[in-house]
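Asks: This is coords03.pdb, which holds PDB, C-alpha atoms:
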```
MODEL        1
ATOM      1  CA  MET A   1      88.282 156.889 219.895
ATOM      2  CA  PRO A   2      85.797 154.481 218.297
ATOM      3  CA  VAL A   3      87.143 151.533 216.325
ATOM      4  CA  TRP A   4      85.492 152.719 213.114
ATOM      5  CA  TYR A   5      87.540 155.930 213.232
ATOM      6  CA  LEU A   6      90.490 153.808 212.046
ATOM      7  CA  LEU A   7      88.991 154.242 208.565
ATOM      8  CA  VAL A   8      90.190 157.860 208.672
ATOM      9  CA  GLY A   9      93.794 156.708 209.029
ATOM     10  CA  LEU A  10      93.449 153.901 206.492
ATOM     11  CA  ALA A  11      91.440 155.779 203.861
ATOM     12  CA  ARG A  12      94.387 157.129 201.854
ATOM     13  CA  TYR A  13      96.178 153.773 201.818
ATOM     14  CA  LEU A  14      93.016 151.935 200.762
ATOM     15  CA  PHE A  15      92.531 154.570 198.054
ATOM     16  CA  LEU A  16      96.053 154.058 196.693
ATOM     17  CA  LEU A  17      95.651 150.288 196.909
ATOM     18  CA  GLY A  18      92.461 150.527 194.878
ATOM     19  CA  MET A  19      94.233 152.586 192.210
ATOM     20  CA  TRP A  20      97.058 150.040 192.101
ATOM     21  CA  VAL A  21      94.565 147.187 191.673
ATOM     22  CA  ARG A  22      92.865 149.045 188.827
ATOM     23  CA  ASN A  23      96.222 149.432 187.088
ATOM     24  CA  ARG A  24      97.006 145.748 187.550
ATOM     25  CA  ILE A  25      93.762 144.658 185.911
ATOM     26  CA  GLY A  26      94.126 147.107 183.035
ATOM     27  CA  LEU A  27      91.670 149.801 184.042
ATOM     28  CA  VAL A  28      92.332 153.525 183.660
ATOM     29  CA  ASN A  29      92.655 155.770 186.709
ATOM     30  CA  TYR A  30      91.056 159.070 185.723
ATOM     31  CA  PRO A  31      92.334 162.339 187.257
ATOM     32  CA  MET A  32      90.524 163.712 190.285
ATOM     33  CA  PRO A  33      88.808 167.086 189.919
ATOM     34  CA  PRO A  34      90.394 170.025 191.761
ATOM     35  CA  SER A  35      89.095 170.533 195.287
ATOM     36  CA  MET A  36      89.726 173.076 198.053
ATOM     37  CA  THR A  37      88.272 170.802 200.706
ATOM     38  CA  ARG A  38      90.732 167.881 200.736
ATOM     39  CA  ARG A  39      93.487 169.664 202.637
ATOM     40  CA  ALA A  40      90.987 171.463 204.846
ATOM     41  CA  LEU A  41      89.282 168.246 205.938
ATOM     42  CA  ALA A  42      92.604 166.538 206.628
ATOM     43  CA  GLY A  43      93.882 169.524 208.615
ATOM     44  CA  MET A  44      90.720 169.682 210.699
ATOM     45  CA  GLN A  45      91.052 165.988 211.521
ATOM     46  CA  MET A  46      94.543 166.676 212.866
ATOM     47  CA  GLY A  47      93.360 169.615 214.942
ATOM     48  CA  PHE A  48      90.406 167.648 216.262
ATOM     49  CA  ILE A  49      92.553 164.672 217.260
ATOM     50  CA  ALA A  50      95.038 166.966 219.018
ATOM     51  CA  VAL A  51      92.190 168.291 221.188
ATOM     52  CA  VAL A  52      90.012 165.215 221.669
ATOM     53  CA  LEU A  53      92.904 162.987 222.816
ATOM     54  CA  LEU A  54      93.611 165.265 225.773
ATOM     55  CA  PRO A  55      92.968 163.447 229.077
ATOM     56  CA  ILE A  56      89.949 165.641 229.838
ATOM     57  CA  TYR A  57      87.903 163.617 227.327
ATOM     58  CA  SER A  58      86.428 160.156 227.592
ATOM     59  CA  PRO A  59      83.732 158.100 225.830
ATOM     60  CA  PRO A  60      80.977 158.590 224.836
ATOM     61  CA  VAL A  61      82.003 162.209 224.128
ATOM     62  CA  THR A  62      84.982 161.212 221.997
ATOM     63  CA  GLN A  63      82.992 158.617 220.071
ATOM     64  CA  GLY A  64      80.142 160.971 219.205
ATOM     65  CA  ALA A  65      82.389 163.821 218.069
ATOM     66  CA  ALA A  66      84.747 161.564 216.104
ATOM     67  CA  THR A  67      81.877 159.836 214.301
ATOM     68  CA  LEU A  68      80.351 163.158 213.264
ATOM     69  CA  LEU A  69      83.680 164.519 212.046
ATOM     70  CA  MET A  70      84.661 161.491 209.988
ATOM     71  CA  PHE A  71      81.624 161.539 207.682
ATOM     72  CA  PRO A  72      82.694 164.536 205.543
ATOM     73  CA  LEU A  73      86.210 163.154 205.108
ATOM     74  CA  MET A  74      85.005 159.695 204.099
ATOM     75  CA  GLY A  75      82.479 161.304 201.753
ATOM     76  CA  SER A  76      85.335 163.204 200.113
ATOM     77  CA  PHE A  77      87.238 159.950 199.529
ATOM     78  CA  ILE A  78      84.133 158.297 198.043
ATOM     79  CA  ARG A  79      83.599 161.265 195.705
ATOM     80  CA  ASP A  80      87.238 161.138 194.570
ATOM     81  CA  TRP A  81      87.066 157.360 194.085
ATOM     82  CA  LEU A  82      84.063 157.720 191.805
ATOM     83  CA  ALA A  83      86.031 160.306 189.815
ATOM     84  CA  VAL A  84      89.035 157.962 189.550
ATOM     85  CA  CYS A  85      86.678 155.283 188.213
ATOM     86  CA  GLY A  86      85.433 157.723 185.554
ATOM     87  CA  LEU A  87      81.999 158.311 187.066
ATOM     88  CA  ARG A  88      81.237 161.979 186.481
ATOM     89  CA  TRP A  89      78.047 163.951 186.144
ATOM     90  CA  ASN A  90      77.294 167.163 184.314
ATOM     91  CA  TRP A  91      75.804 169.314 187.068
ATOM     92  CA  ASN A  92      75.260 172.316 184.822
ATOM     93  CA  THR A  93      72.213 171.209 182.863
ATOM     94  CA  GLY A  94      68.751 169.750 183.386
ATOM     95  CA  VAL A  95      67.690 168.218 186.681
ATOM     96  CA  GLN A  96      71.317 167.887 187.810
ATOM     97  CA  GLY A  97      71.829 171.617 187.346
ATOM     98  CA  TRP A  98      68.732 172.396 189.410
ATOM     99  CA  ILE A  99      69.898 170.045 192.174
ATOM    100  CA  GLN A 100      73.355 171.611 192.198
ATOM    101  CA  THR A 101      71.925 175.145 192.357
ATOM    102  CA  THR A 102      69.632 174.169 195.229
ATOM    103  CA  LEU A 103      72.452 172.491 197.145
ATOM    104  CA  ASN A 104      74.671 175.535 196.701
ATOM    105  CA  MET A 105      71.953 177.807 198.086
ATOM    106  CA  VAL A 106      71.354 175.517 201.079
ATOM    107  CA  TRP A 107      75.081 175.201 201.759
ATOM    108  CA  LYS A 108      75.513 178.976 201.898
ATOM    109  CA  TRP A 109      72.973 179.194 204.707
ATOM    110  CA  ILE A 110      74.047 176.160 206.751
ATOM    111  CA  PRO A 111      76.938 177.944 208.571
ATOM    112  CA  TYR A 112      74.638 180.849 209.450
ATOM    113  CA  LEU A 113      71.980 178.496 210.846
ATOM    114  CA  LEU A 114      74.620 176.590 212.815
ATOM    115  CA  ARG A 115      75.843 179.863 214.335
ATOM    116  CA  VAL A 116      72.320 180.766 215.426
ATOM    117  CA  ALA A 117      71.694 177.295 216.898
ATOM    118  CA  LEU A 118      75.054 177.254 218.698
ATOM    119  CA  ALA A 119      74.528 180.793 220.045
ATOM    120  CA  LEU A 120      71.124 179.855 221.489
ATOM    121  CA  ASN A 121      72.625 176.707 222.976
ATOM    122  CA  LEU A 122      75.423 178.721 224.567
ATOM    123  CA  VAL A 123      72.910 181.152 226.104
ATOM    124  CA  VAL A 124      71.217 178.241 227.891
ATOM    125  CA  VAL A 125      74.579 176.830 229.003
ATOM    126  CA  LEU A 126      75.693 180.234 230.278
ATOM    127  CA  CYS A 127      72.485 180.582 232.318
ATOM    128  CA  GLN A 128      73.076 177.131 233.797
ATOM    129  CA  GLU A 129      76.646 178.009 234.756
ATOM    130  CA  ILE A 130      75.690 181.335 236.347
ATOM    131  CA  ARG A 131      73.054 179.596 238.501
ATOM    132  CA  SER A 132      75.493 176.857 239.493
ATOM    133  CA  PRO A 133      76.201 176.675 243.247
ATOM    134  CA  VAL A 134      79.934 176.821 242.584
ATOM    135  CA  PRO A 135      80.323 178.635 239.243
ATOM    136  CA  LEU A 136      83.654 178.144 237.517
ATOM    137  CA  TRP A 137      84.692 181.624 236.385
ATOM    138  CA  TRP A 138      86.890 180.264 233.638
ATOM    139  CA  MET A 139      84.072 178.125 232.259
ATOM    140  CA  VAL A 140      81.580 180.991 232.399
ATOM    141  CA  GLY A 141      84.130 183.327 230.817
ATOM    142  CA  GLY A 142      84.967 180.785 228.120
ATOM    143  CA  THR A 143      81.313 180.196 227.291
ATOM    144  CA  GLY A 144      80.570 183.936 227.211
ATOM    145  CA  LEU A 145      83.571 184.646 225.020
ATOM    146  CA  GLY A 146      82.633 181.787 222.713
ATOM    147  CA  LEU A 147      79.110 183.157 222.453
ATOM    148  CA  VAL A 148      80.386 186.597 221.406
ATOM    149  CA  LEU A 149      82.826 185.163 218.854
ATOM    150  CA  VAL A 150      80.194 182.861 217.332
ATOM    151  CA  VAL A 151      77.582 185.621 217.063
ATOM    152  CA  LEU A 152      80.036 188.040 215.448
ATOM    153  CA  GLY A 153      81.686 185.385 213.289
ATOM    154  CA  VAL A 154      85.209 186.048 214.593
ATOM    155  CA  LEU A 155      87.716 183.206 214.064
ATOM    156  CA  GLY A 156      84.769 180.853 213.704
ATOM    157  CA  ARG A 157      86.585 177.562 213.242
ATOM    158  CA  THR A 158      89.085 178.334 216.003
ATOM    159  CA  SER A 159      86.283 179.417 218.334
ATOM    160  CA  ALA A 160      84.383 176.218 217.584
ATOM    161  CA  LEU A 161      87.464 174.174 218.463
ATOM    162  CA  GLY A 162      87.732 176.023 221.781
ATOM    163  CA  LEU A 163      84.069 175.342 222.519
ATOM    164  CA  ILE A 164      84.622 171.654 221.779
ATOM    165  CA  LEU A 165      87.355 171.730 224.416
ATOM    166  CA  LEU A 166      85.077 173.418 226.983
ATOM    167  CA  SER A 167      82.215 171.018 226.289
ATOM    168  CA  GLY A 168      84.569 168.094 226.873
ATOM    169  CA  LEU A 169      85.517 169.509 230.268
ATOM    170  CA  ALA A 170      81.855 169.862 231.205
ATOM    171  CA  LEU A 171      80.736 166.477 229.876
ATOM    172  CA  LYS A 172      83.498 164.663 231.741
ATOM    173  CA  GLY A 173      81.658 165.453 234.960
ATOM    174  CA  ASN A 174      78.136 165.195 233.548
ATOM    175  CA  ALA A 175      77.892 163.122 230.402
ATOM    176  CA  MET A 176      74.077 163.337 230.452
ATOM    177  CA  ASN A 177      73.886 167.123 230.008
ATOM    178  CA  GLY A 178      72.151 167.498 226.657
ATOM    179  CA  TRP A 179      73.002 171.192 226.315
ATOM    180  CA  PHE A 180      76.734 170.517 226.469
ATOM    181  CA  TRP A 181      76.240 167.727 223.965
ATOM    182  CA  GLY A 182      74.638 170.358 221.773
ATOM    183  CA  VAL A 183      77.700 172.600 222.143
ATOM    184  CA  LEU A 184      79.971 169.676 221.277
ATOM    185  CA  LEU A 185      78.122 168.505 218.165
ATOM    186  CA  LEU A 186      77.260 171.981 216.869
ATOM    187  CA  GLY A 187      80.873 173.007 217.524
ATOM    188  CA  VAL A 188      82.141 170.108 215.426
ATOM    189  CA  ALA A 189      79.706 170.995 212.629
ATOM    190  CA  LEU A 190      80.698 174.681 212.712
ATOM    191  CA  MET A 191      84.378 173.748 212.672
ATOM    192  CA  LEU A 192      83.691 171.866 209.437
ATOM    193  CA  THR A 193      81.620 174.547 207.704
ATOM    194  CA  GLY A 194      83.098 177.773 209.071
ATOM    195  CA  THR A 195      80.904 180.740 209.991
ATOM    196  CA  GLY A 196      80.008 181.609 206.398
ATOM    197  CA  ARG A 197      78.241 184.839 205.521
ATOM    198  CA  TYR A 198      77.839 187.771 207.905
ATOM    199  CA  SER A 199      81.163 187.015 209.601
ATOM    200  CA  LEU A 200      83.234 189.849 211.003
ATOM    201  CA  TRP A 201      86.700 188.269 210.770
ATOM    202  CA  LYS A 202      87.626 184.921 209.210
ATOM    203  CA  ALA A 203      91.423 185.018 209.398
ATOM    204  CA  ASP A 204      91.629 181.318 210.196
ATOM    205  CA  GLU A 205      90.027 180.411 206.852
ATOM    206  CA  TRP A 206      93.335 181.130 205.103
ATOM    207  CA  MET A 207      95.158 178.629 207.322
ATOM    208  CA  ILE A 208      92.541 175.989 206.565
ATOM    209  CA  TYR A 209      92.666 176.220 202.773
ATOM    210  CA  HIS A 210      96.312 177.129 202.083
ATOM    211  CA  ARG A 211      99.771 175.775 202.791
ATOM    212  CA  ALA A 212     101.938 177.404 205.440
ATOM    213  CA  GLY A 213     104.025 180.194 203.898
ATOM    214  CA  GLU A 214     101.813 180.545 200.819
ATOM    215  CA  THR A 215     101.652 184.159 199.658
ATOM    216  CA  ARG A 216      98.355 185.951 200.243
ATOM    217  CA  PRO A 217      96.881 187.821 197.258
ATOM    218  CA  GLN A 218      97.282 191.594 197.347
ATOM    219  CA  GLY A 219      94.247 193.861 197.610
TER
ENDMDL
END
```
Output the file's structure as structure tokens, nothing else.
Replies:
Amino acid sequence: MPVWYLLVGLARYLFLLGMWVRNRIGLVNYPMPPSMTRRALAGMQMGFIAVVLLPIYSPPVTQGAATLLMFPLMGSFIRDWLAVCGLRWNWNTGVQGWIQTTLNMVWKWIPYLLRVALALNLVVVLCQEIRSPVPLWWMVGGTGLGLVLVVLGVLGRTSALGLILLSGLALKGNAMNGWFWGVLLLGVALMLTGTGRYSLWKADEWMIYHRAGETRPQG
């Protein structure tokens, strides 16, 4: 893992240290706004680390994926720190409201666009594997299955994690293959965003945003 990824492990402790320092110098620590993403981002970091530290991976694959994944988490800490310092904006009126509305519209479409890009990338990879002199049936099967799951939006985050695993296997033998790099980076991005609209089955979304054992709503 890259050295800068240590910030992920230190972020919470630096955050608490900053709050303690503010108390010591007489400043007020304001409450953080509610957020559904904090636990999700932390959980995805754990899942990512569990996969990327397997011996099938090596730099620069691990460094590229880890760097991409850490940005949303660090951005979440920066947002919360600004809230603790009392820096808040009213996003419901004026220019801020227009910006927020635009960002919400863009965000709704990002998962869909990532699915399309990843599906096209997987088609190219699948064609490469089929034409390979010694095709690996498990790699071809894994890529084909991943393609179907991504297109249909079935267990999107889990499927993306599996594709990250497959791309690591492929890149270990050929770190210069740009198409497998595409699978890796798009897989990381899709794991962060989920498959969004037009998804057939998103059962893993519940596990991302809720505690184990939490009761599901009826209906």
Asks: With distances taken over all atoms listed in the file, which residue among A:Leu190, A:Leu185, A:Ile208, A:Leu41 lies nearest Gly75 in chain A?
Replies: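 For Gly75 in chain A, the nearest of the candidates is A:Leu41.
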Asks: Which one is closest to Val151 in chain A: A:Ala66, A:Leu171, A:Glu129, A:Arg115? Count all atoms listed in the file.
Replies: A:Arg115
Asks: Looking at all atoms listed in the file, which of A:His210, A:Arg24, A:Gly194, A:Ile49 is the one that sits closest to Trp107 in chain A?
Replies: A:Gly194
Asks: As lines of an AutoDock Vina configuration file, please: the centre and edge lengths in Å, to one decimal, of an axis-aligned box enclosing every listed atom of range 72-78 of chain A with 8 Å added on each side.
Replies:
```
center_x = 84.9
center_y = 161.4
center_z = 201.8
size_x = 20.8
size_y = 22.2
size_z = 23.5
```
Asks: What's the 12 Å shell around Gly18 in chain A, counting only C-alpha atoms, without same-chain residues fewer than 6 positions away, as a ChimeraX atom specification?
Replies: /A:11-12,24-25,27-29,77-78,80-82,84-85
Asks: Which residues come within 12 Å of Met74 in chain A, counting all atoms listed in the file, excluding same-chain residues fewer than 6 positions away, as a PyMOL selection string?
Replies: chain A and resi 4-12+14-15+38+41-42+45+67-68+80-81
Asks: Using all atoms listed in the file, which of the listed residues (A:Gly86, A:Pro60, A:Pro55, A:Gly146) sits closest to Tyr30 in chain A?
Replies: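 Of all the options, A:Gly86 lies closest to Tyr30 in chain A.
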Asks: Nearest to Met46 in chain A among A:Leu122, A:Leu103, A:Gly178, A:Leu69, with distances taken over only C-alpha atoms: which residue is it?
Replies: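 The answer is A:Leu69, which sits nearest to Met46 in chain A.
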Asks: Could you jot down the CA of Leu126 in chain A to CA of Ala189 in chain A separation for me, Å, one decimal place?
Replies: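 Between CA of Leu126 in chain A and CA of Ala189 in chain A the gap is 20.3 Å.
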Asks: Which value, in Å to one decimal, gives the distance between CA of Thr158 in chain A and CA of Pro33 in chain A?
Replies: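 Between CA of Thr158 in chain A and CA of Pro33 in chain A the gap works out to 28.4 Å.
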Asks: Once the PyMOL selection byres ((chain A and resi 111) around 7) has been evaluated on this model, what residues remain selected, and can you format them as a PyMOL selection string?
Replies: chain A and resi 108-110+112-115+190+193-196
Asks: Take the residues from that selection and put them in a file with C-alpha atoms, as a compact mmCIF listing (two decimals), in the coordinates of the input.
Replies:
```txt
# COMPACT_ATOMS: atom_id res chain seq x y z
CA LYS A 108 75.51 178.98 201.90
CA TRP A 109 72.97 179.19 204.71
CA ILE A 110 74.05 176.16 206.75
CA TYR A 112 74.64 180.85 209.45
CA LEU A 113 71.98 178.50 210.85
CA LEU A 114 74.62 176.59 212.82
CA ARG A 115 75.84 179.86 214.34
CA LEU A 190 80.70 174.68 212.71
CA THR A 193 81.62 174.55 207.70
CA GLY A 194 83.10 177.77 209.07
CA THR A 195 80.90 180.74 209.99
CA GLY A 196 80.01 181.61 206.40
```
Asks: Smallest atom-to-atom distance to Met44 in chain A: which of A:Arg197, A:Arg157, A:Lys172, A:Lys202, using all atoms listed in the file?
Replies: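 Comparing A:Arg197, A:Arg157, A:Lys172, A:Lys202 against Met44 in chain A, the winner is A:Arg157.
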Asks: Quote the spacing between CA of Thr62 in chain A and CA of Val140 in chain A in Å to one decimal place.
Replies: 22.6 Å
Asks: Residues at most 10 Å from Leu184 in chain A, counting only C-alpha atoms, excluding those fewer than 4 positions away in the same chain, as an MDAnalysis selection string?
Replies: chainID A and resid 61:62 64:65 118 160:161 163:168 171 178:180 188:190
Asks: Next, write the just-selected residues to a file, as a PDB file, in the coordinates of the input, keeping C-alpha atoms as the atom set.
Replies:
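Produced file selection-v9.pdb, reproduced below:
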```
ATOM      1  CA  VAL A  61      82.003 162.209 224.128  1.00  0.00           C
ATOM      2  CA  THR A  62      84.982 161.212 221.997  1.00  0.00           C
ATOM      3  CA  GLY A  64      80.142 160.971 219.205  1.00  0.00           C
ATOM      4  CA  ALA A  65      82.389 163.821 218.069  1.00  0.00           C
ATOM      5  CA  LEU A 118      75.054 177.254 218.698  1.00  0.00           C
ATOM      6  CA  ALA A 160      84.383 176.218 217.584  1.00  0.00           C
ATOM      7  CA  LEU A 161      87.464 174.174 218.463  1.00  0.00           C
ATOM      8  CA  LEU A 163      84.069 175.342 222.519  1.00  0.00           C
ATOM      9  CA  ILE A 164      84.622 171.654 221.779  1.00  0.00           C
ATOM     10  CA  LEU A 165      87.355 171.730 224.416  1.00  0.00           C
ATOM     11  CA  LEU A 166      85.077 173.418 226.983  1.00  0.00           C
ATOM     12  CA  SER A 167      82.215 171.018 226.289  1.00  0.00           C
ATOM     13  CA  GLY A 168      84.569 168.094 226.873  1.00  0.00           C
ATOM     14  CA  LEU A 171      80.736 166.477 229.876  1.00  0.00           C
ATOM     15  CA  GLY A 178      72.151 167.498 226.657  1.00  0.00           C
ATOM     16  CA  TRP A 179      73.002 171.192 226.315  1.00  0.00           C
ATOM     17  CA  PHE A 180      76.734 170.517 226.469  1.00  0.00           C
ATOM     18  CA  VAL A 188      82.141 170.108 215.426  1.00  0.00           C
ATOM     19  CA  ALA A 189      79.706 170.995 212.629  1.00  0.00           C
ATOM     20  CA  LEU A 190      80.698 174.681 212.712  1.00  0.00           C
TER      21      LEU A 190
END
```
